[in-house]
$ cat work-v1.cif   # mmCIF, C-alpha atoms (C1' of nucleotides)
data_protein
#
loop_
_atom_site.label_atom_id
_atom_site.label_comp_id
_atom_site.auth_asym_id
_atom_site.auth_seq_id
_atom_site.Cartn_x
_atom_site.Cartn_y
_atom_site.Cartn_z
CA MET A 14 9.50 -4.76 -2.32
CA ILE A 15 9.63 -2.32 0.54
CA ARG A 16 7.89 0.82 -0.48
CA ILE A 17 6.66 4.27 0.40
CA THR A 18 3.45 5.76 -0.91
CA ARG A 19 3.38 8.07 -3.87
CA GLU A 20 2.29 10.87 -1.57
CA THR A 21 5.66 10.65 0.13
CA ASP A 22 7.44 10.47 -3.17
CA TYR A 23 5.68 13.63 -4.30
CA GLY A 24 6.46 15.24 -0.96
CA ILE A 25 10.16 14.79 -1.49
CA VAL A 26 10.01 16.11 -5.02
CA LEU A 27 8.07 19.16 -3.84
CA LEU A 28 10.44 19.86 -1.00
CA THR A 29 13.40 19.75 -3.31
CA GLY A 30 11.52 22.20 -5.50
CA LEU A 31 11.18 24.53 -2.54
CA VAL A 32 14.89 24.37 -1.84
CA GLN A 33 15.93 25.27 -5.34
CA ASP A 34 14.20 28.58 -5.65
CA ALA A 35 14.92 30.96 -2.81
CA SER A 36 12.00 33.36 -2.87
CA PRO A 37 9.48 32.11 -0.35
CA PRO A 38 6.66 31.75 0.12
CA TYR A 39 5.89 29.46 -2.77
CA SER A 40 2.26 28.86 -3.65
CA ALA A 41 0.91 25.37 -4.22
CA ALA A 42 -0.02 26.29 -7.75
CA ALA A 43 3.46 27.54 -8.59
CA LEU A 44 5.05 24.41 -7.17
CA ALA A 45 2.63 22.17 -9.01
CA LYS A 46 3.57 23.86 -12.23
CA GLN A 47 7.29 23.69 -11.57
CA CYS A 48 7.21 20.03 -10.58
CA ARG A 49 4.56 19.12 -13.18
CA LEU A 50 2.34 17.41 -10.67
CA PRO A 51 -1.45 17.72 -10.38
CA LEU A 52 -2.42 20.71 -8.23
CA PRO A 53 -4.92 18.94 -5.96
CA MET A 54 -2.34 16.36 -4.95
CA VAL A 55 0.32 19.01 -4.46
CA SER A 56 -2.03 20.94 -2.27
CA LYS A 57 -2.82 17.86 -0.21
CA VAL A 58 0.80 16.92 0.31
CA LEU A 59 1.88 20.45 1.20
CA LYS A 60 -0.91 20.67 3.74
CA ALA A 61 0.35 17.49 5.39
CA LEU A 62 3.92 18.73 5.43
CA ALA A 63 2.83 21.99 7.01
CA ARG A 64 0.82 20.19 9.67
CA ALA A 65 3.88 18.12 10.48
CA GLY A 66 5.93 21.25 10.97
CA LEU A 67 8.28 20.85 8.03
CA LEU A 68 6.72 23.75 6.18
CA ILE A 69 5.41 27.10 7.32
CA SER A 70 2.23 28.20 5.61
CA GLN A 71 1.23 31.73 4.87
CA ARG A 72 -2.42 32.23 4.01
CA GLY A 73 -3.96 34.86 1.86
CA ALA A 74 -2.79 36.80 -1.15
CA GLN A 75 0.94 36.44 -1.83
CA GLY A 76 0.90 33.55 0.62
CA GLY A 77 2.31 30.08 0.17
CA TYR A 78 4.69 27.65 1.77
CA SER A 79 8.28 27.91 2.89
CA LEU A 80 10.67 25.59 4.69
CA SER A 81 10.51 25.82 8.46
CA ARG A 82 14.22 25.07 8.81
CA PRO A 83 17.25 25.03 6.53
CA PRO A 84 17.26 22.07 4.13
CA GLU A 85 20.34 20.53 5.73
CA ALA A 86 18.33 20.19 8.95
CA ILE A 87 15.56 18.14 7.32
CA SER A 88 16.23 14.44 6.77
CA ALA A 89 14.55 11.85 4.58
CA ALA A 90 13.37 10.24 7.80
CA ASP A 91 11.65 13.50 8.81
CA ILE A 92 9.80 13.63 5.52
CA ILE A 93 8.70 10.02 5.62
CA ASP A 94 7.61 10.38 9.23
CA ALA A 95 5.57 13.42 8.28
CA LEU A 96 3.77 11.75 5.40
CA GLU A 97 3.38 8.14 6.51
CA GLY A 98 3.85 8.10 10.24
CA PRO A 99 6.85 6.59 11.98
CA VAL A 100 9.03 4.19 10.05
CA ALA A 101 7.97 0.68 11.02
CA ILE A 102 8.10 -2.36 8.87
CA THR A 103 5.39 -4.46 10.49
CA GLU A 104 2.40 -3.42 12.49
CA CYS A 105 3.90 -4.93 15.59
CA SER A 106 6.66 -2.36 15.63
CA VAL A 107 4.63 0.81 15.87
CA GLY A 108 4.30 1.17 19.62
CA LEU A 109 0.56 1.06 20.21
CA PRO A 110 -1.16 -1.23 22.70
CA SER A 111 -0.84 -4.80 21.55
CA THR A 112 -3.53 -6.86 19.90
CA CYS A 113 -1.28 -9.48 18.30
CA VAL A 114 -2.59 -12.99 18.60
CA HIS A 115 0.87 -14.45 18.09
CA GLU A 116 2.55 -12.67 20.92
CA GLY A 117 2.95 -15.74 23.07
CA HIS A 118 4.83 -17.90 20.62
CA CYS A 119 6.29 -15.67 17.93
CA THR A 120 10.05 -15.30 18.10
CA VAL A 121 10.41 -12.80 15.29
CA GLY A 122 8.97 -9.65 16.76
CA GLY A 123 11.83 -8.38 18.84
CA HIS A 124 14.15 -8.45 15.87
CA TRP A 125 12.17 -6.03 13.79
CA SER A 126 13.16 -3.17 16.01
CA ARG A 127 16.77 -3.76 14.98
CA ILE A 128 15.83 -3.70 11.34
CA ASN A 129 13.71 -0.62 11.81
CA ASP A 130 16.51 1.14 13.61
CA ALA A 131 18.93 0.34 10.81
CA ILE A 132 16.54 1.65 8.17
CA ARG A 133 15.85 4.76 10.17
CA ALA A 134 19.54 5.43 10.60
CA ALA A 135 20.01 5.18 6.86
CA LEU A 136 17.19 7.61 6.24
CA GLU A 137 18.43 10.10 8.80
CA LYS A 138 21.74 10.35 7.04
CA ILE A 139 20.15 11.77 3.89
CA SER A 140 19.35 15.48 4.14
CA LEU A 141 16.95 17.43 2.00
CA LEU A 142 19.87 19.56 0.87
CA GLU A 143 21.55 16.50 -0.61
CA LEU A 144 18.33 15.35 -2.20
CA SER A 145 17.87 18.67 -3.93
CA ARG A 146 21.27 18.63 -5.55
CA PRO A 147 21.56 16.96 -8.95
CA ALA A 148 21.58 13.22 -8.57
CA PRO A 149 24.95 11.53 -8.57
CA VAL A 150 25.40 9.75 -11.86
CA ARG A 151 25.66 6.00 -11.46
CA VAL A 152 27.93 4.24 -13.84
CA ASP A 153 26.36 0.84 -13.34
CA LEU A 154 23.00 1.79 -14.83
CA PRO A 155 22.08 3.60 -18.03
CA LEU A 156 20.71 7.07 -17.35
CA THR A 157 17.29 6.08 -18.61
CA GLN A 158 16.94 3.68 -15.70
CA GLN A 159 17.65 6.12 -12.92
CA ARG A 160 14.27 7.64 -12.23
CA ARG A 161 10.98 5.96 -12.57
CA VAL A 162 7.72 6.93 -10.98
CA ILE A 163 4.91 5.45 -12.96
CA PRO A 164 1.59 7.23 -12.55
CA GLN A 165 -1.10 4.65 -13.21
CA SER A 166 -2.74 7.05 -15.60
CA LEU A 167 0.28 6.76 -17.84
CA VAL A 168 0.83 3.07 -17.52
CA HIS A 169 -2.15 1.90 -19.54
CA SER A 170 -1.97 4.65 -22.09
CA SER A 171 1.50 3.60 -23.20
CA MET B 18 5.33 4.02 7.44
CA ILE B 19 7.61 1.88 5.35
CA ARG B 20 6.17 -1.57 5.29
CA ILE B 21 6.29 -5.11 4.02
CA THR B 22 3.20 -7.14 3.19
CA ARG B 23 1.72 -9.60 5.59
CA GLU B 24 2.70 -12.39 3.25
CA THR B 25 6.33 -11.58 3.92
CA ASP B 26 5.70 -11.31 7.61
CA TYR B 27 4.12 -14.76 7.57
CA GLY B 28 6.99 -16.06 5.49
CA ILE B 29 9.50 -15.09 8.13
CA VAL B 30 7.43 -16.62 10.88
CA LEU B 31 7.09 -19.85 8.90
CA LEU B 32 10.78 -20.02 8.12
CA THR B 33 11.67 -19.61 11.77
CA GLY B 34 9.25 -22.44 12.46
CA LEU B 35 11.14 -24.62 10.00
CA VAL B 36 14.42 -23.86 11.70
CA GLN B 37 13.23 -24.79 15.15
CA ASP B 38 12.22 -28.35 14.49
CA ALA B 39 14.85 -30.40 12.75
CA SER B 40 12.93 -33.22 11.13
CA PRO B 41 12.26 -32.22 7.53
CA PRO B 42 10.30 -32.27 5.43
CA TYR B 43 7.62 -30.29 7.16
CA SER B 44 4.14 -30.29 5.62
CA ALA B 45 2.23 -27.07 5.06
CA ALA B 46 -0.52 -28.34 7.35
CA ALA B 47 1.87 -29.09 10.18
CA LEU B 48 3.51 -25.69 9.89
CA ALA B 49 0.15 -23.95 9.79
CA LYS B 50 -0.80 -25.66 13.00
CA GLN B 51 2.48 -24.89 14.72
CA CYS B 52 2.45 -21.23 13.72
CA ARG B 53 -1.34 -20.90 14.16
CA LEU B 54 -1.79 -19.38 10.74
CA PRO B 55 -4.52 -20.25 8.19
CA LEU B 56 -3.50 -23.19 6.04
CA PRO B 57 -4.34 -21.70 2.62
CA MET B 58 -2.12 -18.70 3.32
CA VAL B 59 0.67 -20.89 4.65
CA SER B 60 0.47 -23.01 1.56
CA LYS B 61 0.62 -19.97 -0.67
CA VAL B 62 3.62 -18.48 1.09
CA LEU B 63 5.56 -21.75 1.18
CA LYS B 64 4.98 -22.22 -2.52
CA ALA B 65 6.45 -18.80 -3.19
CA LEU B 66 9.45 -19.50 -0.99
CA ALA B 67 10.06 -22.78 -2.76
CA ARG B 68 9.82 -21.13 -6.17
CA ALA B 69 12.39 -18.60 -5.04
CA GLY B 70 14.77 -21.37 -4.01
CA LEU B 71 14.74 -20.79 -0.28
CA LEU B 72 12.84 -24.00 0.35
CA ILE B 73 13.04 -27.44 -1.21
CA SER B 74 9.69 -29.08 -1.77
CA GLN B 75 8.99 -32.77 -1.64
CA ARG B 76 5.72 -33.84 -3.18
CA GLY B 77 3.56 -36.78 -2.33
CA ALA B 78 2.75 -38.57 0.87
CA GLN B 79 5.19 -37.76 3.70
CA GLY B 80 6.34 -34.83 1.59
CA GLY B 81 6.71 -31.26 2.68
CA TYR B 82 9.19 -28.40 2.75
CA SER B 83 12.69 -28.08 4.08
CA LEU B 84 15.29 -25.32 4.01
CA SER B 85 17.51 -25.35 0.95
CA ARG B 86 20.49 -24.04 2.92
CA PRO B 87 21.43 -23.69 6.55
CA PRO B 88 19.56 -20.90 8.32
CA GLU B 89 22.68 -18.84 8.87
CA ALA B 90 23.02 -18.61 5.08
CA ILE B 91 19.56 -17.08 4.59
CA SER B 92 19.17 -13.35 5.27
CA ALA B 93 16.14 -11.18 5.86
CA ALA B 94 16.93 -9.58 2.52
CA ASP B 95 16.69 -12.98 0.80
CA ILE B 96 13.28 -13.59 2.31
CA ILE B 97 11.93 -10.18 1.41
CA ASP B 98 13.32 -10.49 -2.10
CA ALA B 99 11.61 -13.86 -2.46
CA LEU B 100 8.20 -12.64 -1.35
CA GLU B 101 8.01 -9.08 -2.63
CA GLY B 102 10.64 -8.76 -5.31
CA PRO B 103 13.84 -6.79 -4.88
CA VAL B 104 13.97 -4.16 -2.16
CA ALA B 105 13.22 -0.82 -3.78
CA ILE B 106 11.50 2.08 -2.21
CA THR B 107 10.03 3.78 -5.26
CA GLU B 108 9.08 2.38 -8.61
CA CYS B 109 11.88 4.29 -10.24
CA SER B 110 14.44 2.16 -8.45
CA VAL B 111 13.46 -1.27 -9.70
CA GLY B 112 15.49 -1.50 -12.89
CA LEU B 113 12.87 -1.91 -15.61
CA PRO B 114 12.70 0.22 -18.76
CA SER B 115 11.74 3.74 -17.85
CA THR B 116 8.35 5.32 -18.25
CA CYS B 117 8.79 8.17 -15.79
CA VAL B 118 7.45 11.47 -16.99
CA HIS B 119 9.63 13.36 -14.56
CA GLU B 120 12.92 12.01 -15.71
CA GLY B 121 14.04 15.19 -17.35
CA HIS B 122 13.74 17.49 -14.37
CA CYS B 123 13.56 15.37 -11.23
CA THR B 124 16.64 15.56 -9.08
CA VAL B 125 15.57 13.03 -6.50
CA GLY B 126 15.84 9.76 -8.36
CA GLY B 127 19.51 9.04 -8.18
CA HIS B 128 19.53 9.35 -4.41
CA TRP B 129 17.07 6.56 -3.83
CA SER B 130 19.64 4.01 -4.81
CA ARG B 131 21.76 5.12 -1.86
CA ILE B 132 18.82 4.76 0.48
CA ASN B 133 17.92 1.40 -0.99
CA ASP B 134 21.49 0.18 -0.64
CA ALA B 135 21.57 1.20 2.99
CA ILE B 136 18.33 -0.59 3.72
CA ARG B 137 19.46 -3.68 1.89
CA ALA B 138 22.73 -3.75 3.80
CA ALA B 139 20.79 -3.63 7.05
CA LEU B 140 18.56 -6.49 5.97
CA GLU B 141 21.46 -8.63 4.80
CA LYS B 142 23.01 -8.49 8.23
CA ILE B 143 20.08 -10.31 9.81
CA SER B 144 20.18 -14.08 9.30
CA LEU B 145 17.30 -16.50 9.60
CA LEU B 146 19.20 -18.22 12.39
CA GLU B 147 19.14 -15.02 14.43
CA LEU B 148 15.50 -14.45 13.67
CA SER B 149 14.59 -17.89 14.92
CA ARG B 150 16.25 -17.44 18.26
CA PRO B 151 14.17 -15.92 21.05
CA ALA B 152 13.92 -12.20 20.57
CA PRO B 153 16.32 -10.06 22.54
CA VAL B 154 14.44 -8.40 25.36
CA ARG B 155 14.33 -4.67 25.00
CA VAL B 156 14.47 -2.71 28.19
CA ASP B 157 13.03 0.45 26.69
CA LEU B 158 9.63 -1.05 25.90
CA PRO B 159 7.25 -3.12 28.02
CA LEU B 160 7.11 -6.72 26.83
CA THR B 161 3.52 -6.35 25.72
CA GLN B 162 4.66 -3.90 23.04
CA GLN B 163 7.25 -6.06 21.39
CA ARG B 164 5.22 -8.02 18.87
CA ARG B 165 2.17 -6.85 17.12
CA VAL B 166 0.67 -8.11 13.93
CA ILE B 167 -2.90 -6.99 13.77
CA PRO B 168 -5.07 -9.14 11.53
CA GLN B 169 -7.81 -6.89 10.20
CA SER B 170 -10.34 -9.46 11.31
CA LEU B 171 -9.34 -8.79 14.89
CA VAL B 172 -9.06 -5.06 14.64
CA HIS B 173 -12.74 -4.23 14.34
CA SER B 174 -13.90 -6.86 16.74
CA SER B 175 -11.98 -5.29 19.61
"C1'" DT C 11 -14.37 47.64 2.99
"C1'" DT C 12 -14.20 44.59 -0.64
"C1'" DC C 13 -12.04 41.45 -3.60
"C1'" DA C 14 -8.82 38.24 -5.33
"C1'" DT C 15 -5.63 34.97 -3.78
"C1'" DA C 16 -4.23 31.30 -0.80
"C1'" DT C 17 -4.28 27.80 2.58
"C1'" DA C 18 -7.29 24.47 5.88
"C1'" DG C 19 -10.03 20.75 6.46
"C1'" DG C 20 -12.74 17.20 5.27
"C1'" DA C 21 -15.72 14.34 2.36
"C1'" DC C 22 -15.87 11.64 -1.50
"C1'" DT C 23 -14.88 8.35 -5.54
"C1'" DA C 24 -12.32 5.23 -8.42
"C1'" DA C 25 -8.45 2.39 -8.99
"C1'" DT C 26 -5.29 -0.64 -7.16
"C1'" DT C 27 -3.38 -3.77 -4.08
"C1'" DC C 28 -3.74 -7.08 -0.36
"C1'" DA C 29 -5.43 -11.00 2.15
"C1'" DG C 30 -7.45 -14.95 2.00
"C1'" DT C 31 -10.02 -18.89 -0.30
"C1'" DA C 32 -10.96 -22.53 -3.62
"C1'" DC C 33 -10.16 -25.97 -6.81
"C1'" DA C 34 -8.41 -28.95 -10.41
"C1'" DG C 35 -4.13 -31.22 -11.52
"C1'" DA C 36 0.49 -33.49 -10.72
"C1'" DT C 37 3.53 -36.27 -7.85
"C1'" DT C 38 4.93 -39.78 -4.70
"C1'" DA C 39 5.19 -43.10 -0.64
"C1'" DA C 40 3.00 -46.89 1.09
"C1'" DT D 18 -4.27 -47.91 -6.16
"C1'" DT D 19 -4.95 -44.65 -2.75
"C1'" DA D 20 -4.19 -41.06 0.29
"C1'" DA D 21 -1.26 -37.38 1.24
"C1'" DT D 22 0.95 -33.50 -0.44
"C1'" DC D 23 2.64 -29.91 -3.40
"C1'" DT D 24 1.53 -26.75 -7.98
"C1'" DG D 25 -0.69 -23.40 -10.40
"C1'" DT D 26 -4.19 -20.45 -11.23
"C1'" DA D 27 -8.28 -18.07 -10.65
"C1'" DC D 28 -11.32 -15.68 -7.82
"C1'" DT D 29 -13.50 -12.66 -4.13
"C1'" DG D 30 -14.06 -9.15 -0.63
"C1'" DA D 31 -11.71 -5.84 2.06
"C1'" DA D 32 -8.43 -2.33 2.75
"C1'" DT D 33 -5.54 1.05 1.09
"C1'" DT D 34 -4.05 4.44 -2.13
"C1'" DA D 35 -4.53 8.11 -5.45
"C1'" DG D 36 -6.75 11.75 -6.74
"C1'" DT D 37 -10.66 15.24 -6.87
"C1'" DC D 38 -13.82 18.61 -5.07
"C1'" DC D 39 -16.11 21.73 -2.06
"C1'" DT D 40 -16.68 24.95 1.66
"C1'" DA D 41 -14.55 27.79 5.13
"C1'" DT D 42 -11.04 30.87 6.66
"C1'" DA D 43 -7.16 34.08 6.45
"C1'" DT D 44 -4.68 37.95 4.34
"C1'" DG D 45 -2.65 41.51 1.32
"C1'" DA D 46 -3.87 45.08 -1.66
"C1'" DA D 47 -6.86 48.20 -4.21
#
$ encode --input "work-v1.cif" --output "structure tokens"
Amino acid sequence: MIRITRETDYGIVLLTGLVQDASPPYSAAALAKQCRLPLPMVSKVLKALARAGLLISQRGAQGGYSLSRPPEAISAADIIDALEGPVAITECSVGLPSTCVHEGHCTVGGHWSRINDAIRAALEKISLLELSRPAPVRVDLPLTQQRRVIPQSLVHSS
Amino acid sequence: MIRITRETDYGIVLLTGLVQDASPPYSAAALAKQCRLPLPMVSKVLKALARAGLLISQRGAQGGYSLSRPPEAISAADIIDALEGPVAITECSVGLPSTCVHEGHCTVGGHWSRINDAIRAALEKISLLELSRPAPVRVDLPLTQQRRVIPQSLVHSS
DNA sequence: TTCATATAGGACTAATTCAGTACAGATTAA
DNA sequence: TTAATCTGTACTGAATTAGTCCTATATGAA
């Protein structure tokens, strides 16, 4: 399974929350309440998004976060980049100086860039505006199977 | 960073090794030596690939593993599926009974399937045969940056 | 000016996953 | 029968992830 971290998942949920209500800035506490996510995590994720330039932060009383650009100008790739670094499926695709012991005889490496490019292209096609609209209903799955993030805290208690 | 596990990375390297020499079956020990990977890991990965039906195993002396189909009929998606389960970027996209607390108000979920489909399509286009050919040389990166798997054991010692 | 409200940054802990190893058992060719 | 080889499972240490907490700083308003 190819996966993103939960931090990124939360980030996307929070950003869609910011799109929906149009009275910025939005405080971390208000967003946490609206999205029903724990405040400390929300705060952490919003900080990261602000540092990456996707959000503008306003300190002090009546402060909060607002989008730095219109939601149609923010892509899923932007968000993932902001929260997990550049999309790269193996460590040998990230672009840092090489320390791979297999470099001399491994034939696979060069192909990953193609795969990465394809994934990135797919992610760039999805804008935050689209993500914040109600999800398209899929007819091939029952509705109960269309959204599933499983906080570990809930998994054992069920 | 969207990533696969090292087990999958190894799996692809091992499969390309199987393609290159055409005298099956190939023992785990021989493959480990050829690919310069630790035998216990190689053994573990090959077992998983065999269980998933990508490899045929032959027990006993002179036994080993061989591809169950020609390499052009095995895709990167097949390999990733075999070693990490179906490609799905968040837990809410995997198709098990739902336990997501956000189902009622989260608008993001339905979109992930589109992203997943796009990624899967990209992975299905890459065949094992292509992966086992020498990597295409990229002109936009120096050669030393084209393959990099960084075993943790090497990272701190450098 | 002072205070309440917010974000900024970083340190910290617990839980989970990952990477790698080990071993006892089953199978088969020679 | 024996040696080679896969099978399955269990285990360990390391790395990563998830989540919390605390202190500092900025700002609007009384």
$ interface_residues --input "work-v1.cif" --of "chain A" --to "chain C" --cutoff "8 Å" --atoms "only C-alpha atoms (C1' of nucleotides)" --output "PDB file with C-alpha atoms, keeping the file's coordinate frame"
ATOM      1  CA  SER A  40       2.260  28.860  -3.650  1.00  0.00           C
ATOM      2  CA  LYS A  60      -0.910  20.670   3.740  1.00  0.00           C
ATOM      3  CA  SER A  70       2.230  28.200   5.610  1.00  0.00           C
ATOM      4  CA  GLN A  71       1.230  31.730   4.870  1.00  0.00           C
ATOM      5  CA  ARG A  72      -2.420  32.230   4.010  1.00  0.00           C
ATOM      6  CA  GLY A  73      -3.960  34.860   1.860  1.00  0.00           C
ATOM      7  CA  ALA A  74      -2.790  36.800  -1.150  1.00  0.00           C
ATOM      8  CA  GLN A  75       0.940  36.440  -1.830  1.00  0.00           C
ATOM      9  CA  GLY A  76       0.900  33.550   0.620  1.00  0.00           C
ATOM     10  CA  GLY A  77       2.310  30.080   0.170  1.00  0.00           C
TER      11      GLY A  77
END
$ atom_distance --input "work-v1.cif" --atom1 "atom CA of Ile96 of chain B" --atom2 "atom CA of Ile143 of chain B"
10.6 Å
$ atom_distance --input "work-v1.cif" --atom1 "atom CA of Arg146 of chain A" --atom2 "atom CA of Ala134 of chain A"
20.9 Å
$ resolve_selection --input "work-v1.cif" --expression "the PyMOL selection byres ((chain D) within 6 of (chain A))" --output "PyMOL selection string"
chain D and resi 43-45
$ atom_distance --input "work-v1.cif" --atom1 "atom CA of Ser144 of chain B" --atom2 "atom CA of Leu100 of chain B"
16.1 Å
$ closest_residue --input "work-v1.cif" --among "B:Glu101, B:Ser130, B:Leu146, B:Leu32" --to "chain A" --atoms "only C-alpha atoms"
B:Glu101
$ resolve_selection --input "work-v1.cif" --expression "the PyMOL selection byres ((chain A and resi 67) around 8)" --output "number ranges by chain"
A: 62-66, 68-69, 80-82, 87, 92, 95
$ write_last_selection --input "work-v1.cif" --atoms "C-alpha atoms" --output "PDB file, in the frame of the given file"
ATOM      1  CA  LEU A  62       3.920  18.730   5.430  1.00  0.00           C
ATOM      2  CA  ALA A  63       2.830  21.990   7.010  1.00  0.00           C
ATOM      3  CA  ARG A  64       0.820  20.190   9.670  1.00  0.00           C
ATOM      4  CA  ALA A  65       3.880  18.120  10.480  1.00  0.00           C
ATOM      5  CA  GLY A  66       5.930  21.250  10.970  1.00  0.00           C
ATOM      6  CA  LEU A  68       6.720  23.750   6.180  1.00  0.00           C
ATOM      7  CA  ILE A  69       5.410  27.100   7.320  1.00  0.00           C
ATOM      8  CA  LEU A  80      10.670  25.590   4.690  1.00  0.00           C
ATOM      9  CA  SER A  81      10.510  25.820   8.460  1.00  0.00           C
ATOM     10  CA  ARG A  82      14.220  25.070   8.810  1.00  0.00           C
ATOM     11  CA  ILE A  87      15.560  18.140   7.320  1.00  0.00           C
ATOM     12  CA  ILE A  92       9.800  13.630   5.520  1.00  0.00           C
ATOM     13  CA  ALA A  95       5.570  13.420   8.280  1.00  0.00           C
TER      14      ALA A  95
END
$ resolve_selection --input "work-v1.cif" --expression "the PyMOL selection byres ((chain B and resi 49) around 12)" --output "list in words"
Tyr27, Gly28, Val30, Leu31, Leu32, Gly34, Leu35, Tyr43, Ser44, Ala45, Ala46, Ala47, Leu48, Lys50, Gln51, Cys52, Arg53, Leu54, Pro55, Leu56, Pro57, Met58, Val59, Ser60, Lys61, Val62 and Leu63 of chain B
$ residues_around --input "work-v1.cif" --residues "Thr21 of chain A" --least-positions-apart "4" --cutoff "7 Å" --atoms "all atoms listed in the file" --output "ChimeraX atom specification"
/A:17,25,93,96
$ axis_aligned_box --input "work-v1.cif" --around "segment 23-40 of chain C" --padding-each-side "3 Å" --output "JSON"
{"center_x": -4.8, "center_y": -19.3, "center_z": -4.7, "size_x": 26.1, "size_y": 61.2, "size_z": 19.7}
$ closest_residue --input "work-v1.cif" --among "A:Trp125, A:Gly98, A:Glu85, A:Lys138" --to "chain B" --atoms "only C-alpha atoms"
A:Gly98
$ closest_residue --input "work-v1.cif" --among "B:Gln37, B:Ser92, B:Ser83, B:Ser149" --to "chain A" --atoms "only C-alpha atoms"
B:Ser149
$ closest_residue --input "work-v1.cif" --among "A:Pro38, A:Leu141, A:Pro83, A:Leu136" --to "chain B" --atoms "all atoms listed in the file"
A:Leu136
$ closest_residue --input "work-v1.cif" --among "B:Ile19, B:Arg137, B:Pro88, B:Ala65" --to "chain A" --atoms "all atoms listed in the file"
B:Ile19
$ decode --input "work-v1.cif" --residues "segment 63-76 of chain B" --atoms "N, CA and C atoms" --output "compact mmCIF listing (two decimals), in the first residue's frame"
# COMPACT_ATOMS: atom_id res chain seq x y z
N LEU B 63 10.86 -13.16 -1.34
CA LEU B 63 10.52 -14.15 -2.37
C LEU B 63 9.33 -14.99 -1.93
N LYS B 64 9.31 -15.34 -0.65
CA LYS B 64 8.16 -16.08 -0.13
C LYS B 64 6.87 -15.33 -0.38
N ALA B 65 6.90 -14.03 -0.07
CA ALA B 65 5.70 -13.22 -0.24
C ALA B 65 5.28 -13.15 -1.71
N LEU B 66 6.26 -13.02 -2.58
CA LEU B 66 5.96 -12.95 -4.01
C LEU B 66 5.37 -14.26 -4.51
N ALA B 67 5.88 -15.36 -3.96
CA ALA B 67 5.36 -16.65 -4.37
C ALA B 67 3.92 -16.82 -3.88
N ARG B 68 3.68 -16.40 -2.63
CA ARG B 68 2.34 -16.53 -2.09
C ARG B 68 1.34 -15.71 -2.91
N ALA B 69 1.82 -14.60 -3.43
CA ALA B 69 0.94 -13.74 -4.22
C ALA B 69 0.77 -14.23 -5.65
N GLY B 70 1.51 -15.27 -6.02
CA GLY B 70 1.33 -15.84 -7.35
C GLY B 70 2.22 -15.26 -8.43
N LEU B 71 3.10 -14.37 -8.06
CA LEU B 71 4.00 -13.80 -9.07
C LEU B 71 5.17 -14.73 -9.35
N LEU B 72 5.53 -15.53 -8.35
CA LEU B 72 6.61 -16.49 -8.53
C LEU B 72 6.07 -17.90 -8.33
N ILE B 73 6.73 -18.86 -8.96
CA ILE B 73 6.44 -20.27 -8.71
C ILE B 73 7.62 -20.81 -7.91
N SER B 74 7.33 -21.50 -6.83
CA SER B 74 8.42 -22.02 -6.01
C SER B 74 8.58 -23.51 -6.23
N GLN B 75 9.82 -23.93 -6.20
CA GLN B 75 10.13 -25.35 -6.34
C GLN B 75 10.96 -25.74 -5.13
N ARG B 76 10.40 -26.59 -4.29
CA ARG B 76 11.11 -26.98 -3.07
C ARG B 76 12.19 -28.02 -3.35
